[in-house]
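Source file: work.cif. Holds: mmCIF, C-alpha atoms.
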data_start
#
loop_
_atom_site.label_atom_id
_atom_site.label_comp_id
_atom_site.auth_asym_id
_atom_site.auth_seq_id
_atom_site.Cartn_x
_atom_site.Cartn_y
_atom_site.Cartn_z
CA GLU G 227 -32.13 1.60 -17.61
CA ARG G 228 -29.32 -0.26 -15.89
CA LEU G 229 -27.55 3.02 -15.11
CA GLU G 230 -30.73 4.43 -13.59
CA GLN G 231 -30.90 1.46 -11.21
CA ARG G 232 -27.40 2.11 -9.87
CA THR G 233 -27.19 3.98 -6.60
CA GLY G 234 -23.93 5.95 -6.90
CA LEU G 235 -20.30 5.99 -7.89
CA VAL G 236 -17.77 3.71 -6.18
CA HIS G 237 -14.07 4.42 -6.72
CA LEU G 238 -11.70 1.52 -6.00
CA VAL G 239 -8.11 2.53 -5.12
CA HIS G 240 -5.66 -0.36 -5.54
CA SER G 241 -2.75 -1.62 -3.44
CA ALA G 242 0.87 -0.83 -4.31
CA LEU G 243 1.36 -4.56 -4.98
CA GLY G 244 -0.42 -4.30 -8.33
CA ASP G 245 -2.76 -2.18 -10.37
CA ALA G 246 -6.48 -1.80 -10.93
CA ARG G 247 -6.73 -5.44 -12.07
CA LEU G 248 -6.45 -6.46 -8.40
CA TRP G 249 -10.06 -5.24 -8.08
CA ARG G 250 -11.54 -7.32 -10.93
CA ARG G 251 -13.51 -9.56 -8.56
CA GLN G 252 -14.98 -6.53 -6.78
CA VAL G 253 -15.79 -4.72 -10.04
CA ALA G 254 -17.78 -7.76 -11.20
CA ALA G 255 -19.69 -7.91 -7.91
CA LEU G 256 -20.43 -4.18 -7.63
CA GLU G 257 -21.23 -3.24 -11.23
CA PRO G 258 -24.80 -4.56 -11.23
CA ARG G 259 -25.69 -2.07 -8.47
CA PHE G 260 -23.18 0.78 -8.76
CA GLU G 261 -21.23 2.79 -11.25
CA VAL G 262 -17.67 1.63 -10.60
CA VAL G 263 -14.33 3.22 -11.49
CA ALA G 264 -11.02 1.49 -10.80
CA PRO G 265 -8.24 3.50 -12.48
CA ASP G 266 -4.53 2.81 -12.22
CA LEU G 267 -2.74 5.20 -9.87
CA PRO G 268 0.17 7.16 -11.38
CA GLY G 269 3.09 4.75 -11.64
CA TRP G 270 1.04 1.57 -11.96
CA GLY G 271 -0.48 -0.42 -14.82
CA ALA G 272 -1.35 1.80 -17.78
CA SER G 273 -0.53 5.05 -15.91
CA ARG G 274 3.09 6.15 -16.20
CA MET G 275 4.93 7.81 -13.33
CA PRO G 276 4.84 11.61 -13.75
CA GLU G 277 8.14 13.44 -14.19
CA THR G 278 7.06 16.53 -12.20
CA PRO G 279 5.56 16.86 -8.69
CA PHE G 280 2.10 15.28 -8.43
CA SER G 281 -0.58 14.23 -5.96
CA PHE G 282 -2.20 10.81 -5.59
CA VAL G 283 -5.03 12.53 -3.71
CA ASP G 284 -5.69 14.87 -6.64
CA ALA G 285 -5.79 11.86 -9.00
CA VAL G 286 -8.49 10.23 -6.86
CA ALA G 287 -10.36 13.50 -6.27
CA GLU G 288 -10.97 13.81 -10.02
CA HIS G 289 -13.67 11.14 -9.60
CA LEU G 290 -15.46 12.70 -6.62
CA PRO G 291 -18.14 12.75 -5.36
CA ALA G 292 -17.99 9.01 -4.74
CA ALA G 293 -17.70 6.28 -2.18
CA LEU G 294 -14.02 5.32 -1.80
CA VAL G 295 -12.68 1.80 -1.26
CA GLY G 296 -8.90 1.56 -0.78
CA ASN G 297 -6.56 -1.36 -0.10
CA SER G 298 -3.15 -0.96 1.58
CA PHE G 299 -1.38 2.06 0.03
CA GLY G 300 -4.66 2.74 -1.77
CA GLY G 301 -6.36 2.79 1.62
CA ASN G 302 -3.97 5.49 2.77
CA VAL G 303 -4.70 7.49 -0.40
CA ALA G 304 -8.47 7.03 0.06
CA LEU G 305 -8.24 8.11 3.72
CA ARG G 306 -6.17 11.21 2.89
CA THR G 307 -8.62 12.05 0.08
CA ALA G 308 -11.63 11.80 2.39
CA LEU G 309 -9.94 14.04 4.96
CA ALA G 310 -8.93 16.59 2.31
CA HIS G 311 -12.36 16.72 0.63
CA PRO G 312 -15.01 16.73 3.37
CA GLY G 313 -18.51 16.34 2.03
CA ARG G 314 -17.41 14.82 -1.28
CA VAL G 315 -16.84 11.24 -0.06
CA SER G 316 -20.12 9.50 0.75
CA LYS G 317 -18.66 6.34 2.35
CA LEU G 318 -15.17 5.06 3.04
CA VAL G 319 -13.86 1.48 3.14
CA LEU G 320 -10.27 0.96 4.30
CA VAL G 321 -8.97 -2.56 3.56
CA GLY G 322 -5.61 -3.42 5.14
CA ALA G 323 -4.99 0.31 4.93
CA GLY G 324 -1.64 1.98 5.36
CA ILE G 325 -1.24 5.19 7.30
CA GLY G 326 1.06 8.18 6.84
CA ALA G 327 3.01 8.06 10.12
CA TRP G 328 3.47 4.72 11.89
CA ASP G 329 6.07 3.12 14.16
CA TRP G 330 6.72 0.00 12.07
CA THR G 331 7.83 -3.29 13.61
CA ASP G 332 11.21 -4.86 12.87
CA GLU G 333 9.43 -7.28 10.53
CA MET G 334 8.17 -4.43 8.37
CA ARG G 335 11.44 -2.48 8.48
CA GLY G 336 13.26 -5.62 7.32
CA TYR G 337 10.88 -5.98 4.39
CA PHE G 338 11.28 -2.31 3.40
CA ALA G 339 15.07 -2.68 3.45
CA ALA G 340 15.06 -5.89 1.41
CA GLU G 341 12.79 -4.44 -1.26
CA GLU G 342 14.86 -1.25 -1.45
CA ALA G 343 18.08 -3.26 -1.80
CA GLY G 344 16.65 -5.18 -4.75
CA ILE G 345 15.50 -1.98 -6.45
CA GLU G 346 18.80 -0.18 -5.83
CA ALA G 347 20.67 -3.16 -7.31
CA GLY G 348 18.50 -2.88 -10.42
CA ASP G 349 17.12 -6.38 -9.86
CA LEU G 350 13.42 -5.77 -10.34
CA ASP G 351 12.70 -9.51 -10.57
CA GLU G 352 14.21 -9.99 -7.10
CA ALA G 353 12.29 -6.99 -5.71
CA THR G 354 9.10 -8.41 -7.20
CA GLU G 355 9.65 -11.82 -5.57
CA ILE G 356 10.41 -10.17 -2.21
CA ASN G 357 7.03 -8.45 -2.38
CA LEU G 358 5.19 -11.60 -3.40
CA ALA G 359 6.81 -13.72 -0.68
CA PHE G 360 6.05 -11.16 2.02
CA TRP G 361 2.51 -10.13 1.07
CA VAL G 362 0.74 -12.56 -1.23
CA ASP G 363 -0.63 -16.08 -0.81
CA PRO G 364 1.40 -18.36 -3.15
CA ALA G 365 -1.81 -19.36 -4.94
CA PHE G 366 -1.99 -15.81 -6.38
CA HIS G 367 1.68 -15.16 -7.18
CA ALA G 368 1.17 -15.79 -10.90
CA GLU G 369 -1.65 -13.24 -11.02
CA VAL G 370 0.05 -10.51 -9.01
CA ARG G 371 3.64 -10.95 -10.29
CA PRO G 372 3.27 -9.16 -13.68
CA GLN G 373 1.36 -6.28 -12.06
CA GLN G 374 4.05 -5.74 -9.42
CA ARG G 375 6.88 -6.10 -11.96
CA ARG G 376 5.21 -3.54 -14.24
CA ALA G 377 4.82 -1.08 -11.34
CA LEU G 378 8.50 -1.34 -10.42
CA GLU G 379 9.47 -0.77 -14.06
CA LEU G 380 7.35 2.39 -14.23
CA GLN G 381 8.56 3.69 -10.87
CA THR G 382 12.26 3.25 -11.72
CA ALA G 383 12.04 4.51 -15.34
CA HIS G 384 13.31 7.96 -14.32
CA GLU G 385 14.11 9.93 -11.20
CA GLU G 386 11.17 9.73 -8.83
CA PRO G 387 9.26 13.03 -8.67
CA GLU G 388 8.06 14.67 -5.49
CA VAL G 389 4.73 13.38 -4.21
CA VAL G 390 2.58 16.19 -2.79
CA TRP G 391 0.26 15.29 0.10
CA PRO G 392 -2.44 17.49 1.63
CA GLU G 393 -1.94 18.79 5.13
CA GLU G 394 -2.54 16.09 7.74
CA ARG G 395 -5.84 16.33 9.61
CA PRO G 396 -6.86 14.34 12.69
CA LEU G 397 -8.88 11.18 12.11
CA SER G 398 -11.44 12.50 14.60
CA GLU G 399 -12.47 15.09 11.99
CA LEU G 400 -13.53 12.44 9.48
CA ASP G 401 -17.30 12.72 9.15
CA VAL G 402 -17.87 9.82 6.74
CA PRO G 403 -19.44 6.41 7.42
CA THR G 404 -16.34 4.20 7.53
CA LEU G 405 -15.77 0.45 7.35
CA VAL G 406 -12.32 -0.78 8.37
CA VAL G 407 -11.39 -4.25 7.06
CA VAL G 408 -8.31 -6.35 7.77
CA GLY G 409 -7.42 -9.89 6.75
CA GLU G 410 -7.07 -12.38 9.57
CA ARG G 411 -3.60 -13.40 8.25
CA ASP G 412 -2.36 -9.86 7.57
CA LYS G 413 0.78 -8.55 9.28
CA ALA G 414 0.63 -7.46 12.91
CA ASP G 415 1.24 -3.83 11.90
CA PHE G 416 -1.91 -3.78 9.79
CA HIS G 417 -4.03 -5.29 12.54
CA ALA G 418 -2.73 -2.54 14.84
CA ILE G 419 -3.41 0.13 12.21
CA ALA G 420 -6.94 -1.21 11.62
CA LYS G 421 -7.65 -1.09 15.36
CA HIS G 422 -6.24 2.46 15.53
CA LEU G 423 -8.38 3.63 12.59
CA ALA G 424 -11.53 2.04 14.01
CA GLU G 425 -10.93 3.70 17.38
CA GLN G 426 -10.03 7.16 16.07
CA ILE G 427 -12.56 7.56 13.22
CA PRO G 428 -15.98 8.44 14.67
CA ASP G 429 -18.45 5.54 14.47
CA ALA G 430 -16.13 3.40 12.31
CA ARG G 431 -16.78 -0.34 12.19
CA LEU G 432 -14.02 -2.99 12.14
CA GLU G 433 -14.33 -6.31 10.31
CA VAL G 434 -11.71 -9.09 10.29
CA VAL G 435 -11.95 -11.39 7.25
CA PRO G 436 -11.08 -15.04 8.05
CA GLY G 437 -8.51 -16.71 5.82
CA ALA G 438 -7.38 -13.48 4.14
CA GLY G 439 -3.97 -11.85 4.10
CA HIS G 440 -3.15 -8.36 2.89
CA LEU G 441 -4.96 -8.58 -0.46
CA VAL G 442 -8.38 -9.38 0.98
CA GLY G 443 -10.21 -8.82 -2.31
CA VAL G 444 -7.96 -11.28 -4.13
CA GLU G 445 -7.66 -13.98 -1.47
CA GLN G 446 -11.21 -13.91 -0.03
CA PRO G 447 -13.25 -12.04 -2.64
CA GLU G 448 -16.68 -13.39 -1.71
CA ALA G 449 -16.29 -12.27 1.90
CA LEU G 450 -15.12 -8.79 0.91
CA ASN G 451 -17.78 -8.44 -1.78
CA GLU G 452 -20.49 -9.28 0.77
CA LEU G 453 -19.15 -6.64 3.16
CA LEU G 454 -18.95 -4.03 0.39
CA LEU G 455 -22.45 -4.69 -0.94
CA GLU G 456 -23.94 -4.49 2.54
CA PHE G 457 -22.02 -1.36 3.60
CA LEU G 458 -22.20 0.63 0.36
#

Reformat the file's structure so that it appears as structure tokens.
Amino acid sequence: ERLEQRTGLVHLVHSALGDARLWRRQVAALEPRFEVVAPDLPGWGASRMPETPFSFVDAVAEHLPAALVGNSFGGNVALRTALAHPGRVSKLVLVGAGIGAWDWTDEMRGYFAAEEAGIEAGDLDEATEINLAFWVDPAFHAEVRPQQRRALELQTAHEEPEVVWPEERPLSELDVPTLVVVGERDKADFHAIAKHLAEQIPDARLEVVPGAGHLVGVEQPEALNELLLEFL
């Protein structure tokens, strides 16, 4: 009976900072009304990094048709999935979403270099702390730390395979009701990306969540849950 009352499938695509557990607050809020899936992407959590070429978009597309909700890197994957599979994504929510090609600020380039240096030195603890310090409110470091550390372990366990992406399509071709969300305290790059997405995707709506950084669903879950329940 409970399943019959649900109104569709919602697929949550997590940030690169952790795994599907980052969505636990959203899963709890959405499950009474929707069927919810929140799998680990390849190379995170319980999903090992493949050893041969693979596609994040194909991994998400296995659960279509669905509404897609993606945060950060997961937002980029959700966006690319929606563009590659027109008609199979009912609604799209992009939370602090990344984007394939972007002219990053010096702040972001410095972060990328610092993280890479830690990984190349084999110091995964240091790389983990660099990520936490840059992205995550200190109140949530203890929660996110083991997820990020696990991801770095998986992603450095063997030579990184090729990631296959679908051909780029213009955002103007996206014919899906879209909600763009960004945390008020997120980095300047992600505010600029959110504005760009909201302007380029037809009829997209932009919401800024007060008090939230990059992990909106972790830092301000009630605000994000309210937006998701209303939009989905």

Review point. Of the residues G:Val390, G:Leu458, G:Leu358, G:Val444, which is the one nearest to Gln252 in chain G, using all atoms listed in the file?
Key: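 The answer is G:Val444, which sits nearest to Gln252 in chain G.
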
Practice item. Around the point (-14.0, -9.3, -0.1), in the coordinates given by the file, pick out the residues reaching within 10 Å, counting all atoms listed in the file, and return them as an NGL selection string. Key: :G and (249 or 251-252 or 255 or 321 or 407 or 409 or 435 or 438 or 441-455)

Practice item. Name the residues in contact with Ser241 in chain G at a cut-off of 12 Å, using all atoms listed in the file, excluding same-chain residues fewer than 4 positions from it; report them as a PyMOL selection string. Key: chain G and resi 245-249+264-267+269-271+295-304+320-324+357+361-362+370+373-374+377+440-444

Exercise for review: With a distance cut-off of 9 Å and all atoms listed in the file, select the neighbouring residues of Glu394 in chain G, excluding the residue or stretch itself and same-chain residues fewer than 6 positions from it, and output the selection as a list in words.
Suggested key: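 Residues near the query, excluding close chain neighbours: Arg306, Leu309, Ala310 and Gly326 of chain G.
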
Check your understanding: On this structure, which residues satisfy the PyMOL selection byres ((chain G and resi 396) around 10), written as a list of chain:residue names?
Key -> G:Leu309, G:Glu394, G:Arg395, G:Leu397, G:Ser398, G:Glu399, G:Leu400, G:Gln426, G:Ile427

**Study point:** Selection near Gly348 in chain G, 12 Å with all atoms listed in the file, sequence-local residues under 3 positions removed, as an MDAnalysis selection string
**Key:** chainID G and resid 341:345 351:354 378:379 381:383

Store the residues of this selection in a file with C-alpha atoms, as a tab-separated table (two decimals), in the frame of the given file.
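This went into again.tsv:
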chain	number	residue	atom	x	y	z
G	341	GLU	CA	12.79	-4.44	-1.26
G	342	GLU	CA	14.86	-1.25	-1.45
G	343	ALA	CA	18.08	-3.26	-1.80
G	344	GLY	CA	16.65	-5.18	-4.75
G	345	ILE	CA	15.50	-1.98	-6.45
G	351	ASP	CA	12.70	-9.51	-10.57
G	352	GLU	CA	14.21	-9.99	-7.10
G	353	ALA	CA	12.29	-6.99	-5.71
G	354	THR	CA	9.10	-8.41	-7.20
G	378	LEU	CA	8.50	-1.34	-10.42
G	379	GLU	CA	9.47	-0.77	-14.06
G	381	GLN	CA	8.56	3.69	-10.87
G	382	THR	CA	12.26	3.25	-11.72
G	383	ALA	CA	12.04	4.51	-15.34

**Study point:** Residue with smallest distance to Leu423 in chain G - pool G:Ala359, G:Ala272, G:Val406, G:Val253, counting only C-alpha atoms
**Key:**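 Looking only at the distances to Leu423 in chain G, the closest residue turns out to be G:Val406.
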
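CA of Asp363 in chain G lies 21.4 Å from CA of Leu238 in chain G.
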
Point to revise | Atomic separation - CA of Ala308 in chain G relative to CA of Pro428 in chain G, Å | key: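 Rounded to one decimal, the two atoms are 13.5 Å apart.
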
Point to revise | Pick from G:Pro387, G:Gly244, G:His311, G:Phe457 nearest to Arg371 in chain G, counting all atoms listed in the file | key: G:Gly244
